[in-house]
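The file coords.txt comes next; it holds compact mmCIF, C-alpha atoms.
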```txt
# COMPACT_ATOMS: atom_id res chain seq x y z
CA MET A 1 80.59 105.48 85.20
CA LEU A 2 80.38 108.59 87.42
CA PRO A 3 77.07 108.33 89.31
CA LEU A 4 74.79 111.37 89.15
CA VAL A 5 73.58 112.23 92.66
CA PRO A 6 70.90 114.89 93.39
CA TYR A 7 71.82 117.01 96.41
CA ALA A 8 68.83 115.76 98.39
CA GLU A 9 70.09 112.18 97.95
CA ARG A 10 73.77 112.87 98.60
CA ARG A 11 73.92 111.46 102.12
CA ALA A 12 74.39 107.78 101.23
CA ARG A 13 77.10 108.58 98.67
CA LEU A 14 79.00 110.89 101.03
CA VAL A 15 78.89 108.26 103.76
CA ALA A 16 80.34 105.70 101.32
CA VAL A 17 83.14 108.10 100.43
CA LEU A 18 84.00 108.98 104.04
CA ASP A 19 83.75 105.37 105.23
CA ARG A 20 86.75 104.48 103.08
CA ARG A 21 88.84 105.54 106.07
CA ALA A 22 87.51 102.52 108.01
CA VAL A 23 90.23 100.20 106.69
CA PHE A 24 91.41 98.95 110.07
CA ASP A 25 89.39 95.77 110.32
CA ASP A 26 90.22 93.17 112.93
CA ALA A 27 92.06 90.88 110.52
CA VAL A 28 94.37 93.66 109.29
CA GLU A 29 95.08 94.85 112.80
CA ALA A 30 95.80 91.34 114.08
CA SER A 31 98.20 90.71 111.20
CA VAL A 32 99.98 94.03 111.75
CA ARG A 33 100.33 93.42 115.50
CA ALA A 34 101.99 90.07 114.77
CA ILE A 35 104.38 91.71 112.30
CA LEU A 36 105.31 94.48 114.73
CA ASP A 37 105.88 91.99 117.55
CA ASP A 38 108.12 89.91 115.28
CA VAL A 39 110.21 92.90 114.26
CA CYS A 40 110.49 94.07 117.86
CA GLN A 41 111.70 90.66 119.01
CA ARG A 42 113.88 89.48 116.10
CA GLY A 43 115.05 92.67 114.42
CA ASP A 44 116.82 92.23 111.06
CA ALA A 45 116.04 88.53 110.88
CA ALA A 46 112.33 89.32 110.98
CA LEU A 47 112.72 92.02 108.33
CA LEU A 48 114.44 89.62 105.95
CA ASP A 49 111.90 86.84 106.55
CA LEU A 50 108.93 89.18 106.15
CA THR A 51 110.38 90.77 103.02
CA GLU A 52 110.82 87.35 101.46
CA ARG A 53 107.27 86.43 102.47
CA PHE A 54 105.50 89.57 101.25
CA ASP A 55 107.75 90.86 98.45
CA GLY A 56 109.08 87.56 97.12
CA VAL A 57 112.72 88.57 97.44
CA ARG A 58 115.38 88.30 100.13
CA PRO A 59 117.80 91.26 99.80
CA GLU A 60 121.49 90.54 100.18
CA ALA A 61 121.58 93.47 102.58
CA LEU A 62 118.79 95.52 104.07
CA ARG A 63 120.63 98.80 103.77
CA VAL A 64 121.08 99.96 100.19
CA PRO A 65 124.78 100.42 99.37
CA THR A 66 125.94 103.92 98.55
CA ASP A 67 127.21 102.82 95.14
CA ALA A 68 123.70 101.59 94.24
CA LEU A 69 122.34 105.04 95.07
CA ASP A 70 125.06 106.62 92.94
CA ARG A 71 124.32 104.31 90.01
CA ALA A 72 120.62 105.10 90.16
CA LEU A 73 121.29 108.83 90.09
CA ASP A 74 123.84 108.50 87.26
CA ALA A 75 121.29 106.54 85.22
CA LEU A 76 118.54 109.11 85.71
CA ASP A 77 117.45 110.83 82.50
CA PRO A 78 119.01 114.35 82.53
CA ALA A 79 115.71 116.06 81.75
CA LEU A 80 113.95 114.13 84.51
CA ARG A 81 116.78 114.93 86.91
CA GLU A 82 116.35 118.64 86.16
CA THR A 83 112.61 118.28 86.77
CA PHE A 84 113.18 116.61 90.14
CA GLU A 85 115.70 119.32 91.09
CA GLN A 86 113.27 122.09 90.20
CA ALA A 87 110.45 120.43 92.12
CA ALA A 88 112.64 119.94 95.19
CA ALA A 89 113.76 123.57 95.05
CA ASN A 90 110.13 124.75 94.93
CA VAL A 91 109.17 122.53 97.86
CA ARG A 92 112.21 123.71 99.84
CA ARG A 93 111.37 127.39 99.31
CA PHE A 94 107.80 126.81 100.43
CA HIS A 95 108.78 124.99 103.62
CA GLU A 96 111.49 127.50 104.48
CA ARG A 97 108.71 130.06 104.81
CA GLU A 98 107.00 127.78 107.36
CA MET A 99 109.97 127.56 109.69
CA PRO A 100 109.13 129.09 113.09
CA ALA A 101 111.66 130.88 115.27
CA SER A 102 112.56 130.41 118.92
CA TRP A 103 111.67 133.35 121.15
CA THR A 104 111.95 134.70 124.67
CA HIS A 105 109.97 137.46 126.36
CA ASP A 106 110.98 139.68 129.29
CA ASP A 107 107.87 139.65 131.47
CA GLY A 108 109.25 142.19 133.95
CA ASP A 109 110.59 141.74 137.50
CA GLY A 110 113.40 139.53 136.15
CA VAL A 111 110.92 136.97 134.76
CA THR A 112 111.56 135.33 131.40
CA VAL A 113 109.22 133.08 129.43
CA GLY A 114 109.82 131.65 126.00
CA GLN A 115 109.87 128.80 123.58
CA ARG A 116 112.76 127.00 121.93
CA ILE A 117 112.18 125.34 118.58
CA SER A 118 114.42 122.37 117.81
CA PRO A 119 114.28 119.48 115.35
CA VAL A 120 113.98 115.82 116.20
CA GLU A 121 117.27 113.98 115.80
CA ARG A 122 116.09 111.25 113.46
CA ALA A 123 113.14 110.85 111.05
CA GLY A 124 111.90 107.84 109.11
CA LEU A 125 110.27 108.21 105.70
CA TYR A 126 108.12 105.48 104.21
CA VAL A 127 107.96 105.47 100.40
CA PRO A 128 105.48 102.92 99.01
CA ALA A 129 105.97 100.92 95.85
CA GLY A 130 102.42 99.79 95.13
CA THR A 131 101.44 100.01 91.48
CA ALA A 132 103.79 102.89 90.63
CA PRO A 133 107.08 104.34 91.93
CA LEU A 134 106.64 107.56 93.90
CA PRO A 135 109.76 109.74 93.75
CA SER A 136 107.47 112.66 94.57
CA SER A 137 106.90 111.09 98.00
CA VAL A 138 110.65 111.16 98.64
CA ILE A 139 110.75 114.89 97.90
CA MET A 140 107.61 115.78 99.82
CA ASN A 141 108.62 113.87 102.95
CA ALA A 142 112.37 114.47 102.99
CA VAL A 143 112.58 118.17 102.14
CA PRO A 144 110.56 119.50 105.12
CA ALA A 145 112.61 117.23 107.40
CA GLN A 146 115.78 118.72 105.97
CA VAL A 147 114.45 122.28 106.30
CA ALA A 148 113.57 121.53 109.93
CA GLY A 149 117.19 120.51 110.52
CA VAL A 150 116.74 116.80 111.26
CA ASP A 151 120.17 115.18 111.75
CA GLU A 152 119.39 111.82 110.12
CA VAL A 153 116.71 110.94 107.59
CA TRP A 154 116.09 107.22 106.98
CA VAL A 155 114.11 106.05 103.95
CA CYS A 156 112.33 102.68 103.81
CA SER A 157 110.88 101.41 100.55
CA PRO A 158 109.96 97.88 99.37
CA PRO A 159 112.50 96.05 97.20
CA GLY A 160 111.85 94.90 93.67
CA PRO A 161 113.06 91.62 92.13
CA ASP A 162 116.68 92.82 92.27
CA GLY A 163 116.46 93.30 96.04
CA LEU A 164 116.56 97.11 95.77
CA PRO A 165 113.83 99.76 95.89
CA HIS A 166 112.74 101.29 92.60
CA PRO A 167 115.57 103.14 90.78
CA LEU A 168 113.57 106.40 90.76
CA VAL A 169 113.24 106.24 94.54
CA LEU A 170 116.96 105.58 94.92
CA ALA A 171 117.90 108.33 92.48
CA THR A 172 115.67 110.88 94.17
CA ALA A 173 117.02 110.00 97.60
CA ARG A 174 120.58 110.48 96.37
CA LEU A 175 119.63 113.71 94.60
CA LEU A 176 118.49 115.07 97.97
CA GLY A 177 121.69 113.95 99.66
CA LEU A 178 120.09 111.03 101.51
CA ASP A 179 122.20 107.92 102.02
CA HIS A 180 120.27 106.04 104.74
CA VAL A 181 118.02 103.93 102.50
CA VAL A 182 116.63 100.53 103.50
CA ALA A 183 115.07 97.89 101.24
CA VAL A 184 112.06 97.03 103.36
CA GLY A 185 108.38 97.84 103.02
CA GLY A 186 105.00 97.28 104.62
CA ALA A 187 104.16 97.21 108.30
CA GLN A 188 107.57 95.68 108.98
CA ALA A 189 109.26 98.89 107.79
CA VAL A 190 107.18 100.94 110.21
CA GLY A 191 108.12 98.52 112.98
CA ALA A 192 111.80 98.80 112.16
CA LEU A 193 111.65 102.59 112.28
CA ALA A 194 109.60 102.62 115.49
CA PHE A 195 111.52 99.99 117.49
CA GLY A 196 114.93 99.85 115.80
CA THR A 197 116.84 96.80 114.57
CA GLU A 198 120.50 95.96 114.02
CA THR A 199 120.44 97.88 110.72
CA VAL A 200 117.67 100.44 111.20
CA PRO A 201 117.96 102.79 114.17
CA ARG A 202 114.92 103.82 116.13
CA VAL A 203 113.62 107.15 114.82
CA ASP A 204 111.62 109.91 116.49
CA VAL A 205 109.02 110.52 113.77
CA VAL A 206 107.63 108.27 111.01
CA VAL A 207 105.98 109.90 107.98
CA GLY A 208 104.79 108.84 104.56
CA PRO A 209 101.81 107.19 102.83
CA GLY A 210 101.09 103.49 102.45
CA ASN A 211 98.44 100.81 102.22
CA ALA A 212 96.08 99.69 104.98
CA TYR A 213 98.84 97.64 106.64
CA VAL A 214 101.25 100.57 106.70
CA ALA A 215 98.54 102.94 107.95
CA THR A 216 97.53 100.48 110.67
CA ALA A 217 101.16 100.03 111.72
CA LYS A 218 101.58 103.81 112.04
CA LYS A 219 98.44 103.96 114.13
CA LEU A 220 99.72 101.22 116.46
CA VAL A 221 103.19 102.68 117.05
CA VAL A 222 101.98 106.14 118.06
CA GLY A 223 103.56 106.77 121.45
CA GLN A 224 106.69 104.87 120.52
CA VAL A 225 107.25 107.50 117.82
CA GLY A 226 105.44 110.48 116.40
CA ILE A 227 103.68 110.20 113.04
CA ASP A 228 102.36 112.62 110.46
CA SER A 229 98.90 111.06 110.07
CA VAL A 230 97.03 107.82 109.47
CA ALA A 231 96.35 108.35 105.78
CA GLY A 232 93.58 106.77 103.77
CA PRO A 233 92.98 106.54 100.00
CA SER A 234 93.38 109.66 97.90
CA GLU A 235 90.45 111.95 97.13
CA VAL A 236 89.47 115.07 95.21
CA VAL A 237 86.42 117.28 95.08
CA VAL A 238 85.94 119.51 92.05
CA LEU A 239 83.71 122.48 92.86
CA ALA A 240 82.56 123.97 89.56
CA ASP A 241 80.04 126.24 87.91
CA ASP A 242 78.99 126.88 84.32
CA SER A 243 82.29 128.62 83.55
CA ALA A 244 84.16 125.29 83.90
CA ASP A 245 85.41 123.32 80.90
CA PRO A 246 83.87 119.81 81.14
CA THR A 247 87.00 118.13 79.77
CA TRP A 248 89.21 119.90 82.28
CA ALA A 249 86.88 118.97 85.13
CA ALA A 250 86.78 115.33 84.00
CA ALA A 251 90.58 115.21 83.81
CA ASP A 252 90.89 116.59 87.34
CA LEU A 253 88.57 113.87 88.63
CA LEU A 254 90.45 111.13 86.78
CA ALA A 255 93.82 112.38 88.08
CA GLN A 256 92.88 111.29 91.59
CA ALA A 257 90.60 108.36 90.79
CA GLU A 258 93.48 106.57 89.05
CA HIS A 259 95.49 106.28 92.29
CA ASP A 260 93.77 103.10 93.45
CA GLU A 261 90.45 101.32 93.52
CA ARG A 262 89.42 103.07 96.75
CA ALA A 263 90.25 106.58 95.56
CA SER A 264 87.39 109.06 95.48
CA ALA A 265 86.59 111.74 92.89
CA VAL A 266 83.52 113.92 93.38
CA LEU A 267 82.18 116.74 91.23
CA VAL A 268 79.96 119.24 93.09
CA THR A 269 78.07 121.77 90.99
CA PRO A 270 74.76 123.62 90.84
CA SER A 271 74.75 123.05 87.04
CA ARG A 272 73.10 119.85 85.88
CA ALA A 273 74.25 120.61 82.32
CA LEU A 274 77.88 120.71 83.47
CA ALA A 275 77.44 117.50 85.47
CA GLU A 276 76.11 115.65 82.45
CA ALA A 277 78.89 116.99 80.22
CA VAL A 278 81.57 115.99 82.73
CA ARG A 279 80.12 112.48 83.04
CA ALA A 280 80.22 112.14 79.26
CA GLU A 281 83.85 113.28 79.18
CA VAL A 282 84.77 110.79 81.92
CA ASP A 283 83.23 107.97 79.87
CA ARG A 284 85.13 109.14 76.79
CA LEU A 285 88.51 109.53 78.49
CA VAL A 286 88.68 106.44 80.69
CA PRO A 287 89.30 103.93 77.85
CA THR A 288 92.24 106.05 76.66
CA LEU A 289 94.13 105.84 79.97
CA ALA A 290 96.66 103.23 81.08
CA ARG A 291 94.96 102.78 84.48
CA ALA A 292 91.48 102.33 83.04
CA ASP A 293 90.86 99.21 85.14
CA VAL A 294 91.50 101.15 88.34
CA LEU A 295 89.21 103.94 87.18
CA ARG A 296 86.43 101.50 86.33
CA ALA A 297 86.58 100.29 89.94
CA SER A 298 87.01 103.57 91.84
CA LEU A 299 84.58 105.83 89.99
CA PRO A 300 81.37 103.75 90.32
CA ALA A 301 82.16 102.89 93.95
CA PHE A 302 83.48 106.18 95.32
CA GLY A 303 82.87 108.82 92.65
CA ALA A 304 79.89 111.10 92.17
CA ALA A 305 78.56 114.09 90.32
CA VAL A 306 76.51 115.87 92.98
CA VAL A 307 74.04 118.39 91.56
CA THR A 308 73.00 120.98 94.12
CA ASP A 309 70.18 123.51 94.11
CA SER A 310 72.56 126.43 94.64
CA MET A 311 76.22 127.33 95.07
CA ASP A 312 75.56 127.71 98.81
CA ASP A 313 74.54 124.05 98.91
CA ALA A 314 77.61 123.15 96.84
CA VAL A 315 79.93 124.85 99.34
CA ALA A 316 78.14 123.09 102.20
CA CYS A 317 78.63 119.75 100.44
CA VAL A 318 82.36 120.42 100.10
CA ASP A 319 82.58 121.15 103.82
CA GLU A 320 80.75 117.90 104.60
CA LEU A 321 83.37 115.96 102.65
CA ALA A 322 86.36 118.00 103.96
CA PRO A 323 88.39 116.67 101.01
CA GLU A 324 92.10 116.06 100.74
CA HIS A 325 92.19 118.06 97.47
CA LEU A 326 89.71 120.73 96.40
CA VAL A 327 89.82 122.08 92.85
CA ILE A 328 87.69 125.19 92.25
CA LEU A 329 86.82 125.64 88.59
CA SER A 330 85.10 128.98 88.42
CA ASP A 331 85.70 132.53 87.24
CA ASP A 332 84.85 133.42 90.85
CA ALA A 333 87.31 130.94 92.42
CA ASP A 334 88.78 133.34 95.00
CA ALA A 335 85.38 134.24 96.43
CA LEU A 336 84.32 130.58 96.59
CA TRP A 337 87.55 129.62 98.33
CA GLY A 338 86.82 132.19 101.02
CA ARG A 339 83.54 130.42 101.77
CA VAL A 340 85.03 126.90 102.12
CA ARG A 341 86.25 125.94 105.60
CA HIS A 342 87.40 122.33 105.23
CA ALA A 343 89.97 121.14 102.68
CA GLY A 344 93.53 119.87 102.87
CA ALA A 345 94.75 121.78 99.81
CA VAL A 346 92.92 124.12 97.46
CA PHE A 347 93.64 124.63 93.75
CA LEU A 348 92.23 127.91 92.52
CA GLY A 349 90.98 128.63 89.04
CA HIS A 350 90.81 127.01 85.66
CA LEU A 351 94.59 126.87 85.12
CA THR A 352 95.52 125.10 88.38
CA PRO A 353 95.10 121.33 87.98
CA GLU A 354 95.76 119.30 91.11
CA PRO A 355 98.97 117.66 89.76
CA VAL A 356 100.79 121.00 90.00
CA GLY A 357 100.52 120.50 93.76
CA ASP A 358 101.39 116.82 93.62
CA TYR A 359 104.71 117.54 91.99
CA PHE A 360 105.86 121.05 91.48
CA ALA A 361 104.27 124.16 93.00
CA GLY A 362 105.87 123.83 96.44
CA PRO A 363 103.12 123.10 98.99
CA ASN A 364 103.25 119.58 100.37
CA HIS A 365 101.16 116.84 98.79
CA VAL A 366 100.94 114.79 102.02
CA LEU A 367 97.45 115.85 103.09
CA PRO A 368 94.65 114.85 105.48
CA THR A 369 92.18 112.32 104.04
CA GLY A 370 88.85 110.75 104.99
CA GLY A 371 87.28 114.00 106.21
CA THR A 372 90.12 114.74 108.65
CA ALA A 373 90.76 118.09 106.96
CA ARG A 374 88.19 119.33 109.49
CA PHE A 375 91.03 119.33 112.04
CA ALA A 376 94.25 118.15 110.38
CA SER A 377 96.75 119.86 108.09
CA ALA A 378 99.28 119.17 105.37
CA LEU A 379 102.68 117.76 106.23
CA GLY A 380 105.08 120.54 107.10
CA VAL A 381 108.24 121.31 109.03
CA GLY A 382 106.22 121.32 112.27
CA VAL A 383 105.97 117.52 112.20
CA PHE A 384 109.75 117.36 112.59
CA LEU A 385 110.05 120.05 115.27
CA ARG A 386 109.69 120.13 119.04
CA ARG A 387 108.53 123.15 121.01
CA GLN A 388 110.27 123.46 124.38
CA SER A 389 108.85 125.92 126.89
CA VAL A 390 111.19 127.83 129.21
CA VAL A 391 110.43 129.83 132.35
CA ARG A 392 112.74 131.79 134.68
CA TYR A 393 111.14 133.29 137.82
CA SER A 394 112.60 135.91 140.12
CA ALA A 395 112.43 136.54 143.86
CA ALA A 396 110.10 139.48 143.34
CA ARG A 397 107.64 137.58 141.14
CA LEU A 398 107.66 134.50 143.40
CA ALA A 399 106.93 136.69 146.39
CA GLU A 400 104.05 138.27 144.47
CA SER A 401 102.56 135.10 142.95
CA GLY A 402 103.76 132.25 145.16
CA GLU A 403 100.79 132.20 147.50
CA ALA A 404 98.35 132.05 144.58
CA ILE A 405 100.33 129.20 143.00
CA ALA A 406 100.39 127.24 146.25
CA ARG A 407 96.67 127.84 146.75
CA PHE A 408 95.99 126.50 143.26
CA ALA A 409 98.05 123.37 144.01
CA GLU A 410 96.24 122.75 147.28
CA ALA A 411 92.88 123.07 145.53
CA GLU A 412 93.95 120.08 143.45
CA GLY A 413 95.08 118.16 146.53
CA LEU A 414 98.76 118.36 145.55
CA ASP A 415 100.48 119.46 148.72
CA ALA A 416 103.98 118.69 147.46
CA HIS A 417 103.39 121.13 144.62
CA ALA A 418 102.55 123.78 147.18
CA LEU A 419 105.58 122.78 149.27
CA ALA A 420 107.92 123.30 146.30
CA VAL A 421 106.72 126.90 146.16
CA ARG A 422 106.50 127.65 149.86
CA VAL A 423 109.96 126.39 150.80
CA ARG A 424 111.31 129.02 148.43
CA MET A 425 109.21 131.61 150.22
CA GLY A 426 110.59 130.57 153.60
CA ASP A 427 107.23 129.16 154.66
CA GLU A 428 107.54 125.38 154.89
CA SER A 429 105.18 125.25 157.87
CA ARG A 430 102.22 126.37 155.78
CA ALA A 431 102.76 123.38 153.55
CA LYS A 432 102.49 121.11 156.62
CA GLY A 433 99.25 122.69 157.74
CA GLU A 434 100.94 124.41 160.72
CA GLU A 435 101.01 128.00 161.75
CA PRO A 436 103.75 129.86 159.90
CA VAL A 437 106.93 130.56 161.83
CA PRO A 438 109.27 133.44 161.20
CA SER A 439 111.95 132.64 158.67
CA THR A 440 115.12 134.42 157.72
CA ALA A 441 115.53 132.41 154.50
CA ALA A 442 116.26 134.73 151.61
CA ILE A 443 115.03 134.04 148.12
CA LYS A 444 118.01 134.07 145.83
```

Turn this file's structure into structure tokens for me.
Amino acid sequence: MLPLVPYAERRARLVAVLDRRAVFDDAVEASVRAILDDVCQRGDAALLDLTERFDGVRPEALRVPTDALDRALDALDPALRETFEQAAANVRRFHEREMPASWTHDDGDGVTVGQRISPVERAGLYVPAGTAPLPSSVIMNAVPAQVAGVDEVWVCSPPGPDGLPHPLVLATARLLGLDHVVAVGGAQAVGALAFGTETVPRVDVVVGPGNAYVATAKKLVVGQVGIDSVAGPSEVVVLADDSADPTWAAADLLAQAEHDERASAVLVTPSRALAEAVRAEVDRLVPTLARADVLRASLPAFGAAVVTDSMDDAVACVDELAPEHLVILSDDADALWGRVRHAGAVFLGHLTPEPVGDYFAGPNHVLPTGGTARFASALGVGVFLRRQSVVRYSAARLAESGEAIARFAEAEGLDAHALAVRVRMGDESRAKGEEPVPSTAAIK
């Protein structure tokens, strides 16, 4: 079920894994453009019609009533509620450590430069329904927005047969103090958040995972709003040596491969014996799992056990894939981690399965996919923050630097830029190409 791939023959399999990001075919994009145009033009009416069309239900109201949120939280199993609270607290502590500070610097001569950090006013979170409810997505997307200080957080999630999003999504939103929840999913939810409707206000940033239609919609509304990323299917690479337990390695692969039929799970190891043992454990475990049908689709298509000639080659293979999740199963995990350059999140050592990051440890589980860990990062408070530069110049510094600034502007053919400097230096004539004339203008 998990194809064995010699290192020398890895190229075709790695290309297949990385090409999963190419989900934006013409038909999907055309459909999404039509949906976004409809939402932009008809607002709530379009949301209701599209929800009925795609989800088979027409909610009585798009916005979820507060009492429905309260009921969902009251009905939550006490032990599960405690688990969600602990997870949210861990995520909050982690992101609080990320929070940057505003600063100013006295550059001498009465000159000040600096940067002010401030949150966006409104954020939109998309929480998919798909084949399983994802309360973890509520926590991972909402908590960094709250830590950043966002004024309003709006949650969109598809409705079920009762016209409401999944009870676990509602309960988690209420647990975090969120009360702006909307029963709408798909590309139409992204459109509502990007353009605004009668019920859903236009937000500044849209974050959260979703299917190809949601990802395409996020891609198309960039510029109207900010986004976290255009996410593809989930993926894991397990980098392992002979010290790894084959059952543990197999379980780590299956934990990601069960997400959907396009998920990728790749073992990379210089040990052929380990690769064979892990493949046998995968075959043994798959029939025991509830999502066996998904695994039987994803593993043959996008899984692999890559056997390298050395650990150096194994590390190079990891960097080629730049995976969303990297699990290092080795007694020498710290040293191997230091050699890997490209990965969204790294899980070190035999006792750190990837799900601890999905749910509980604190770092965010919204991560770059499809090889984009070469340049992209995990979701953090920075997505919800703006950096505003500030400069205050003085008479002394303008007198010292003004001519150089004006010269720079003129080199670019921007005479008005030069004029804006020279009039403050009492030298407007230079900006007109004339001989300078004496000026008594003082620089205040």

Listed atoms of stretch 74-77 of chain A boxed along x, y and z, 5 Å each side, centre and edge lengths in Å, one decimal, as lines of an AutoDock Vina configuration file:
```
center_x = 120.6
center_y = 108.7
center_z = 84.9
size_x = 16.4
size_y = 14.3
size_z = 14.8
```

Problem set entry | Top pick for closest residue to A:Leu379, considering A:Asp228, A:Asp179, A:Asp74, A:Asp151 and counting all atoms listed in the file | A:Asp228

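Among the candidates A:Val390, A:Val5, A:Leu125, A:Val64, the residue lying nearest to A:Val111 is A:Val390 (atoms considered: all atoms listed in the file).
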
Exercise. Which residue out of A:Glu152, A:Glu324, A:Glu60, A:Asp77 has the minimum interatomic distance to A:Arg122 when all atoms listed in the file are used?
Worked result: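 Residue with the minimum atom-to-atom distance to A:Arg122: A:Glu152.
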
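Distance annotation: of A:Val17, A:Ile35, A:Val222, A:Val169, the residue with the minimal separation from A:Ala68 is A:Val169; atom set is all atoms listed in the file.
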
Problem set entry | Cut-off 6 Å around (97.5, 118.4, 99.8) with only C-alpha atoms: residues as a PyMOL selection string | chain A and resi 324-325+344-345+364-367+378

For this session: Kindly indicate which residue among A:Thr216, A:Ser102, A:Thr308, A:Ser271 lies nearest to A:Glu29, using all atoms listed in the file for the distances.
Result: A:Thr216

For this session: Have a look at A:Cys156, A:Ala145, A:Ala231, A:Ala280 and name the one nearest to A:Glu98; count only C-alpha atoms.
Result: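 The answer is A:Ala145, which sits nearest to A:Glu98.
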
For this session: Please provide as an NGL selection string all residues within 12 Å of A:Gly382, with the sequence filter that same-chain residues fewer than 2 positions apart are discarded (counting all atoms listed in the file).
Result: :A and (95-101 or 117-120 or 144-150 or 205 or 226-228 or 377-380 or 384-387)

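The interatomic distance for the pair atom CA of A:Asp67 and atom CA of A:Glu82 works out to 21.2 Å.
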
For this session: Mind checking which residues fall within 7 Å of A:Leu348, counting only C-alpha atoms, ignoring those fewer than 3 positions away in the same chain, and posting them as a ChimeraX atom specification?
Result: /A:327-328,333-334,352

Exercise. What separation in Å, quoted to one decimal, exists between atom CA of A:Thr199 and atom CA of A:Met140?
Worked result: 24.6 Å

For this session: May I have the protein, DNA and RNA residues with any atom at most 12 Å from the point (83.4, 112.4, 85.1), counting all atoms listed in the file, written as JSON, numbers by chain?
Result: {"A": [1, 2, 3, 4, 237, 238, 245, 246, 247, 248, 249, 250, 251, 252, 253, 254, 255, 256, 257, 264, 265, 266, 267, 268, 274, 275, 276, 277, 278, 279, 280, 281, 282, 283, 284, 285, 286, 295, 296, 298, 299, 300, 302, 303, 304, 305, 306]}

For this session: Work out how far atom CA of A:Gly186 is from atom CA of A:Gly371, in Å to one decimal.
Result: 24.4 Å

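For A:Ala192, the non-local neighbours within 10 Å, defined as residues at least 3 positions apart in the same chain or in other chains and counting all atoms listed in the file, are Leu36, Val39, Cys40, Gly43, Asp44, Ala46, Leu47, Gly124, Cys156, Val184, Gly185, Ala187, Gln188, Ala189, Phe195, Gly196, Thr197, Glu198, Thr199, Val200, Pro201, Arg202 and Val203 of chain A.
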